[in-house]
Structures are given as C-alpha cells and as structure tokens.
Amino acid sequence: MKRILTLVVGVMMAAAIHAAPIDTYEFNDEEHRERGQSLAAELRCPQCQNQNLHDSNSPIAMDMRLQVYEMVGEGKSNDEIITYFTDRYGDFVRYRPAFDARTAVLWMGPVAFLIIGAIGGFVFIRRQRAQTAGSVEVSSIDKEKLDKLLKDQQQ
Amino acid sequence: MKRLVLFVPLVIFLGVAAFLFQGLYLNPKELDSALVGKPVPQFQLTQLEDPAVTITNKDLAGEVYLINVWATWCPSCKYEHPFLNKLKQRGEMPIYGINYRDERMPAVRYLNKSGDPYSINLFDPEGSFAFDLGVYGAPETFVVDAKGIVRYRFAGVLEPGVWARDFMPLIKQLRQEAKGIS
C-alpha cells in the first residue's frame with residue numbers, strides 16, 4: 001500500500017514538474033528577470049501564433065525566449081530587443097504594434113467608435129427630450145376626426 | 001434624407017462583414033517576411049558533409065538562387081524532397097540547403113539515400129542563420145536575386161502548383177532584371 005502511495009505521489013509530482021516550460025536560464029539580478037519575462041510575454045511566437053514567447057513550448061519560442069533573456073543580460077534596452085525581433089520576424093511578433101500609418105486604424109479605431117457612439121447617443125437623447133417637452137402637434141385631418149368622434153360620443 | 005440615415009448601421013454592418021469574410025480566406029501561416037527586400041544576412045557555417053569546410057556569403061552564387069531550410073526530423077521536408085530533386089535535375093538554379101537544428105550524420109545519410117538536390121548544404125545545428133532569416137519552422141524556401149537580395153519567402157511544402165504559381169513568374173522577372181543590369 002505504502003509503495004503504491006509513493007508511486008502515485010511520485011507520478012503526480014513528475015506531472016507537475018512538466019506542466020510548464022522550464023528554462024534553466026539564470027538572470028543576473030531581479031530587475032533583469034522581470035524585464036526579460038515581461039518582454040517575452042509581449043512578443044508573439046511566430047510558429048504557434050496565439051501564444052506569447054513566455055507561454056509557448058515550441059522550439060522556436062524557446063530559442064527566441066533565450067535570445068530575449070540573453071539580450072537583457074547584455075544590458076540591451078527594450079527597444080533594441082524588440083527591433084532585433086521585428087527585423088527578423090516583422091511586426092507580427094509584437095502583441096502591441098507600434099503606431100504608424102499601417103496600424104493607425106487599429107489604434108484609433110476604438111477611440112473613433114467611442115466618439116461616434118457618444119455623439120450618436122447625445123443627439124438621440126437631445127431629440128427625445130425635445131419631443132417629450134414640446135406640445136403634441138395634431139394635424140388638421142386628425143383634429144377633424146377627433147372632433148367627429150367626440151361628437152358621436154356625446155350624442 | 002432622414003430615411004437614408006437609418007441605413008447607416010446596415011452599411012457599417014456590411015462593411016465589417018465583408019472585412020471579416022475576407023479574413024476567413026487569409027492564411028495565417030503566410031507572414032510577410034521582414035527580410036524581403038533586404039540582403040541575405042551575414043553567416044559563417046560549416047558544410048554539412050564536411051565540418052572542416054567553412055561557408056560564408058561569398059560562396060553563394062551571383063545569380064538567382066533558392067535557399068531551402070530543411071531537416072530530417074521534418075516530415076513535410078521529406079514530402080517536398082522529390083520535387084527539389086526534380087528541380088536539380090532540370091538544372092534550373094542553385095539550391096542552397098540549410099540543415100536546420102539537425103544532426104550531421106543522419107542528415108548526410110538521408111541525402112545519400114534520397115538524393116541531394118542542394119548545390120551546397122549548410123549545417124545550422126543551433127538554427128542561428130535560420131534565426132537571422134526569420135525562419136520559424138521547416139520547410140521554408142527563399143528566393144534570392146542576383147544581387148543577393150531576398151525577394152520572396154515561402155513557408156510550407158514546395159510543390160509543382162506553388163512553383164508554377166508563385167515561383168516561376170518571380171524567377172523569370174528576376175532573371176530579366178539581372179539581364180538589365182549586366
């Protein structure tokens with residue numbers, strides 16, 4: 001019984017160890033580790049496409065991750081590192097693309113929609129208010145009909 | 001006039017729908033290569049068959065050529081291999097192989113067995129040159145013009161259909177350009 005238990009616990013521990021990609025890379029200091037990992041989380045794996053370098057297990061993501069860590073270790077700035085990757089893999093590797101003519105729609109789109117929505121809402125509310133506040137206008141034909149109905153009722 | 005305003009949401013909807021519909025037919029694997037229009041990156045690698053021989057950019061041809069990234073662990077590479085052999089037989093152009101993240105011995109053995117379509121084979125066990133090329137998997141094929149500028153990148157299996165559609169017209173054009181220079 002004890003043996004089986006040991007085996008089960010052992011297997012579970014082994015499974016836990018293999019649950020996430022593990023790099024044996026050692027950072028010089030805490031600041032480098034944080035910067036390296038946040039950069040790896042900001043760059044997209046070109047192979048798997050829906051994962052960042054930090055989460056992906058694919059070999060190319062592993063290479064790229066190590067490259068990021070090494071460059072951080074060498075004291076390269078974030079911009080230098082990102083340029084290094086976009087030079088090779090294009091803007092696609094960036095989850096947060098730079099603002100330029102091609103990505104302007106992407107960046108400004110939500111703002112534009114918000115402004116259009118706000119204006120639309122404002123106009124709509126103004127009109128509704130104007131309608132409820134003003135007196136009800138009845139056309140002459142309707143008025144005739146109304147008078148006739150009232151007369152019929154009285155008779 | 002007021003009536004027309006009511007159609008605005010419909011128009012916006014149709015616009016977005018058309019945009020998204022077109023997206024259904026895009027191939028997410030076809031990334032623009034950041035390298036197109038730039039020269040082949042500097043490299044210094046050993047020859048696959050002989051570790052004593054070093055190959056650099058100077059050893060590549062001054063004519064239109066292909067760079068093909070391959071490995072023995074890559075099933076799609078095996079699938080495209082016969083077509084590469086055929087291209088070699090036709091003597092179309094030099095094909096340079098980059099043996100990507102592979103081992104020397106099995107790779108040489110594989111070429112001995114299945115035919116060697118490559119003019120020169122570069123051994124890139126760490127994928128360093130491939131990394132500079134922006135390779136993220138194998139097989140990938142690059143078209144390089146006579147001046148050593150990368151003109152096209154194709155990720156996936158090179159087969160006759162793709163060759164006729166994407167490669168042939170481009171190569172013809174690049175050869176015309178090269179003639180124009182000389």
# chains A, B, ... in the order shown; residues from 1 in each chain; ligands from 1

$ interface_residues --of "chain B" --to "chain A" --cutoff "12 Å" --atoms "only C-alpha atoms" --output "PyMOL selection string"
chain B and resi 5+8-9+12+27-38+40-41+100-101+126-138+153+155

$ closest_atom_pairs --of "region 98-143 of chain B" --to "region 63-66 of chain B" --cutoff "9 Å" --atoms "only C-alpha atoms" --output "JSON lines"
{"residue": "B:Thr141", "atom": "CA", "partner": "B:Leu66", "partner_atom": "CA", "distance": 6.7}
{"residue": "B:Phe142", "atom": "CA", "partner": "B:Leu66", "partner_atom": "CA", "distance": 5.6}
{"residue": "B:Val143", "atom": "CA", "partner": "B:Leu66", "partner_atom": "CA", "distance": 4.8}

$ write_last_selection --atoms "N, CA and C atoms" --output "PDB file, in the first residue's frame"
ATOM      1  N   THR B 141      11.318  28.205 -47.927  1.00  0.00           N
ATOM      2  CA  THR B 141      12.139  28.439 -49.116  1.00  0.00           C
ATOM      3  C   THR B 141      12.197  29.929 -49.405  1.00  0.00           C
ATOM      4  N   PHE B 142      13.394  30.406 -49.689  1.00  0.00           N
ATOM      5  CA  PHE B 142      13.603  31.821 -50.007  1.00  0.00           C
ATOM      6  C   PHE B 142      14.099  31.941 -51.442  1.00  0.00           C
ATOM      7  N   VAL B 143      13.621  32.965 -52.140  1.00  0.00           N
ATOM      8  CA  VAL B 143      14.157  33.276 -53.462  1.00  0.00           C
ATOM      9  C   VAL B 143      15.067  34.484 -53.309  1.00  0.00           C
TER      10      VAL B 143
END

$ atom_distance --atom1 "CA of Ala52 (chain B)" --atom2 "CA of Gly115 (chain B)"
22.6 Å

$ closest_residue --among "B:Asp116, B:Glu80, B:Asp124, B:Glu177" --to "Glu159 (chain B)" --atoms "only C-alpha atoms"
B:Glu80

$ atom_distance --atom1 "CA of Phe19 (chain B)" --atom2 "CA of Pro110 (chain A)"
16.3 Å

$ residues_around --residues "Pro97 (chain A)" --least-positions-apart "5" --cutoff "12 Å" --atoms "only C-alpha atoms" --output "PDB file with N, CA, C and O atoms, in the first residue's frame"
ATOM      1  N   GLU A  42       5.358  39.835 -24.154  1.00  0.00           N
ATOM      2  CA  GLU A  42       4.855  40.838 -25.083  1.00  0.00           C
ATOM      3  C   GLU A  42       5.128  40.446 -26.537  1.00  0.00           C
ATOM      4  O   GLU A  42       4.613  41.067 -27.447  1.00  0.00           O
ATOM      5  N   LEU A  43       5.971  39.442 -26.727  1.00  0.00           N
ATOM      6  CA  LEU A  43       6.320  39.021 -28.080  1.00  0.00           C
ATOM      7  C   LEU A  43       5.562  37.748 -28.440  1.00  0.00           C
ATOM      8  O   LEU A  43       5.421  36.845 -27.618  1.00  0.00           O
ATOM      9  N   ARG A  44       5.101  37.696 -29.686  1.00  0.00           N
ATOM     10  CA  ARG A  44       4.279  36.585 -30.140  1.00  0.00           C
ATOM     11  C   ARG A  44       5.148  35.501 -30.763  1.00  0.00           C
ATOM     12  O   ARG A  44       6.100  35.785 -31.475  1.00  0.00           O
ATOM     13  N   ILE A  82      13.271  44.588 -29.098  1.00  0.00           N
ATOM     14  CA  ILE A  82      12.088  44.467 -29.953  1.00  0.00           C
ATOM     15  C   ILE A  82      12.469  44.692 -31.416  1.00  0.00           C
ATOM     16  O   ILE A  82      12.000  43.986 -32.302  1.00  0.00           O
ATOM     17  N   THR A  83      13.347  45.650 -31.676  1.00  0.00           N
ATOM     18  CA  THR A  83      13.795  45.889 -33.054  1.00  0.00           C
ATOM     19  C   THR A  83      14.517  44.659 -33.611  1.00  0.00           C
ATOM     20  O   THR A  83      14.325  44.287 -34.766  1.00  0.00           O
ATOM     21  N   THR A  86      11.707  42.358 -34.637  1.00  0.00           N
ATOM     22  CA  THR A  86      10.890  42.794 -35.777  1.00  0.00           C
ATOM     23  C   THR A  86      11.726  42.821 -37.060  1.00  0.00           C
ATOM     24  O   THR A  86      11.189  42.648 -38.143  1.00  0.00           O
ATOM     25  N   GLY A  90       9.261  40.545 -38.441  1.00  0.00           N
ATOM     26  CA  GLY A  90       8.258  41.543 -38.816  1.00  0.00           C
ATOM     27  C   GLY A  90       7.424  41.996 -37.628  1.00  0.00           C
ATOM     28  O   GLY A  90       7.593  41.509 -36.512  1.00  0.00           O
ATOM     29  N   ASP A  91       6.518  42.920 -37.902  1.00  0.00           N
ATOM     30  CA  ASP A  91       5.687  43.485 -36.834  1.00  0.00           C
ATOM     31  C   ASP A  91       4.800  42.440 -36.185  1.00  0.00           C
ATOM     32  O   ASP A  91       4.269  42.645 -35.106  1.00  0.00           O
ATOM     33  N   PHE A  92       4.644  41.316 -36.904  1.00  0.00           N
ATOM     34  CA  PHE A  92       3.766  40.264 -36.415  1.00  0.00           C
ATOM     35  C   PHE A  92       4.137  39.793 -35.014  1.00  0.00           C
ATOM     36  O   PHE A  92       3.270  39.399 -34.235  1.00  0.00           O
ATOM     37  N   ARG A 102       0.235  52.185 -40.995  1.00  0.00           N
ATOM     38  CA  ARG A 102      -0.466  50.918 -41.197  1.00  0.00           C
ATOM     39  C   ARG A 102      -1.319  50.516 -40.007  1.00  0.00           C
ATOM     40  O   ARG A 102      -2.331  49.849 -40.150  1.00  0.00           O
ATOM     41  N   THR A 103      -0.868  50.884 -38.812  1.00  0.00           N
ATOM     42  CA  THR A 103      -1.582  50.434 -37.625  1.00  0.00           C
ATOM     43  C   THR A 103      -2.464  51.524 -37.031  1.00  0.00           C
ATOM     44  O   THR A 103      -3.067  51.318 -35.993  1.00  0.00           O
ATOM     45  N   ALA A 104      -2.523  52.677 -37.720  1.00  0.00           N
ATOM     46  CA  ALA A 104      -3.289  53.804 -37.178  1.00  0.00           C
ATOM     47  C   ALA A 104      -4.749  53.408 -36.941  1.00  0.00           C
ATOM     48  O   ALA A 104      -5.317  53.723 -35.897  1.00  0.00           O
ATOM     49  N   VAL A 105      -5.342  52.689 -37.908  1.00  0.00           N
ATOM     50  CA  VAL A 105      -6.746  52.288 -37.783  1.00  0.00           C
ATOM     51  C   VAL A 105      -6.936  51.428 -36.540  1.00  0.00           C
ATOM     52  O   VAL A 105      -7.899  51.579 -35.787  1.00  0.00           O
ATOM     53  N   LEU A 106      -5.978  50.546 -36.330  1.00  0.00           N
ATOM     54  CA  LEU A 106      -6.017  49.635 -35.195  1.00  0.00           C
ATOM     55  C   LEU A 106      -6.024  50.398 -33.874  1.00  0.00           C
ATOM     56  O   LEU A 106      -6.776  50.095 -32.958  1.00  0.00           O
ATOM     57  N   TRP A 107      -5.162  51.409 -33.825  1.00  0.00           N
ATOM     58  CA  TRP A 107      -5.034  52.166 -32.578  1.00  0.00           C
ATOM     59  C   TRP A 107      -6.181  53.159 -32.400  1.00  0.00           C
ATOM     60  O   TRP A 107      -6.710  53.307 -31.298  1.00  0.00           O
TER      61      TRP A 107
END

$ atom_distance --atom1 "CA of Gly120 (chain A)" --atom2 "CA of Leu6 (chain B)"
12.4 Å

$ closest_residue --among "A:Val8, A:Ile81, A:Ala41, A:Val72" --to "Arg96 (chain A)" --atoms "only C-alpha atoms"
A:Ala41

$ select_by_dssp --residues "region 6-145 of chain B" --states "strand (DSSP E or B)" --output "ChimeraX atom specification"
/B:39,44-47,54-56,65-70,95-100,120-124,140-144

$ closest_residue --among "B:Glu49, B:Leu111, B:Ala146, B:His81" --to "Pro94 (chain B)" --atoms "only C-alpha atoms"
B:Ala146

$ closest_residue --among "B:Val16, B:Val69, B:Cys74, B:Leu26" --to "Phe123 (chain B)" --atoms "only C-alpha atoms"
B:Val69

$ select_by_dssp --residues "region 8-165 of chain B" --states "alpha helix (DSSP H)" --output "ChimeraX atom specification"
/B:8-24,75-90,104-114,128-132,160-162

$ residues_around --residues "Ser38 (chain A)" --least-positions-apart "2" --cutoff "12 Å" --atoms "only C-alpha atoms" --output "PDB file with C-alpha atoms, in the first residue's frame"
ATOM      1  CA  GLU A  31      15.388  43.557 -12.463  1.00  0.00           C
ATOM      2  CA  HIS A  32      16.672  41.603 -15.473  1.00  0.00           C
ATOM      3  CA  ARG A  33      14.394  38.687 -14.701  1.00  0.00           C
ATOM      4  CA  GLU A  34      11.312  40.891 -14.561  1.00  0.00           C
ATOM      5  CA  ARG A  35      12.214  42.787 -17.712  1.00  0.00           C
ATOM      6  CA  GLY A  36      13.078  39.600 -19.612  1.00  0.00           C
ATOM      7  CA  ALA A  40       8.810  37.502 -23.505  1.00  0.00           C
ATOM      8  CA  ALA A  41       5.148  37.957 -22.636  1.00  0.00           C
ATOM      9  CA  GLU A  42       4.855  40.838 -25.083  1.00  0.00           C
ATOM     10  CA  LEU A  43       6.320  39.021 -28.080  1.00  0.00           C
ATOM     11  CA  ASN A  52       3.440  34.639 -26.488  1.00  0.00           C
ATOM     12  CA  LEU A  53       7.044  33.548 -26.090  1.00  0.00           C
ATOM     13  CA  HIS A  54       6.598  33.186 -22.386  1.00  0.00           C
ATOM     14  CA  ASP A  55       3.816  30.617 -22.631  1.00  0.00           C
ATOM     15  CA  ARG A  65      12.903  33.444 -25.270  1.00  0.00           C
ATOM     16  CA  VAL A  68      15.451  37.820 -25.148  1.00  0.00           C
ATOM     17  CA  TYR A  69      16.970  36.800 -21.823  1.00  0.00           C
ATOM     18  CA  VAL A  72      18.504  41.600 -21.392  1.00  0.00           C
ATOM     19  CA  ASN A  78      13.667  47.065 -24.593  1.00  0.00           C
ATOM     20  CA  ILE A  82      12.088  44.467 -29.953  1.00  0.00           C
ATOM     21  CA  TYR A  95       1.370  41.927 -29.500  1.00  0.00           C
TER      22      TYR A  95
END

$ decode --residues "region 121-133 of chain A" --atoms "C-alpha atoms" --output "JSON list (two decimals), in the first residue's frame"
[["chain", "number", "residue", "atom", "x", "y", "z"],
["A", 121, "GLY", "CA", -26.13, 58.97, -28.02],
["A", 122, "PHE", "CA", -26.05, 62.68, -27.29],
["A", 123, "VAL", "CA", -28.09, 63.56, -30.38],
["A", 124, "PHE", "CA", -30.59, 60.78, -29.63],
["A", 125, "ILE", "CA", -31.15, 61.88, -26.06],
["A", 126, "ARG", "CA", -31.49, 65.54, -27.08],
["A", 127, "ARG", "CA", -34.17, 64.64, -29.62],
["A", 128, "GLN", "CA", -36.12, 62.50, -27.20],
["A", 129, "ARG", "CA", -36.13, 65.31, -24.66],
["A", 130, "ALA", "CA", -37.20, 67.88, -27.23],
["A", 131, "GLN", "CA", -40.10, 65.63, -28.24],
["A", 132, "THR", "CA", -41.44, 64.97, -24.74],
["A", 133, "ALA", "CA", -41.04, 68.56, -23.71]]
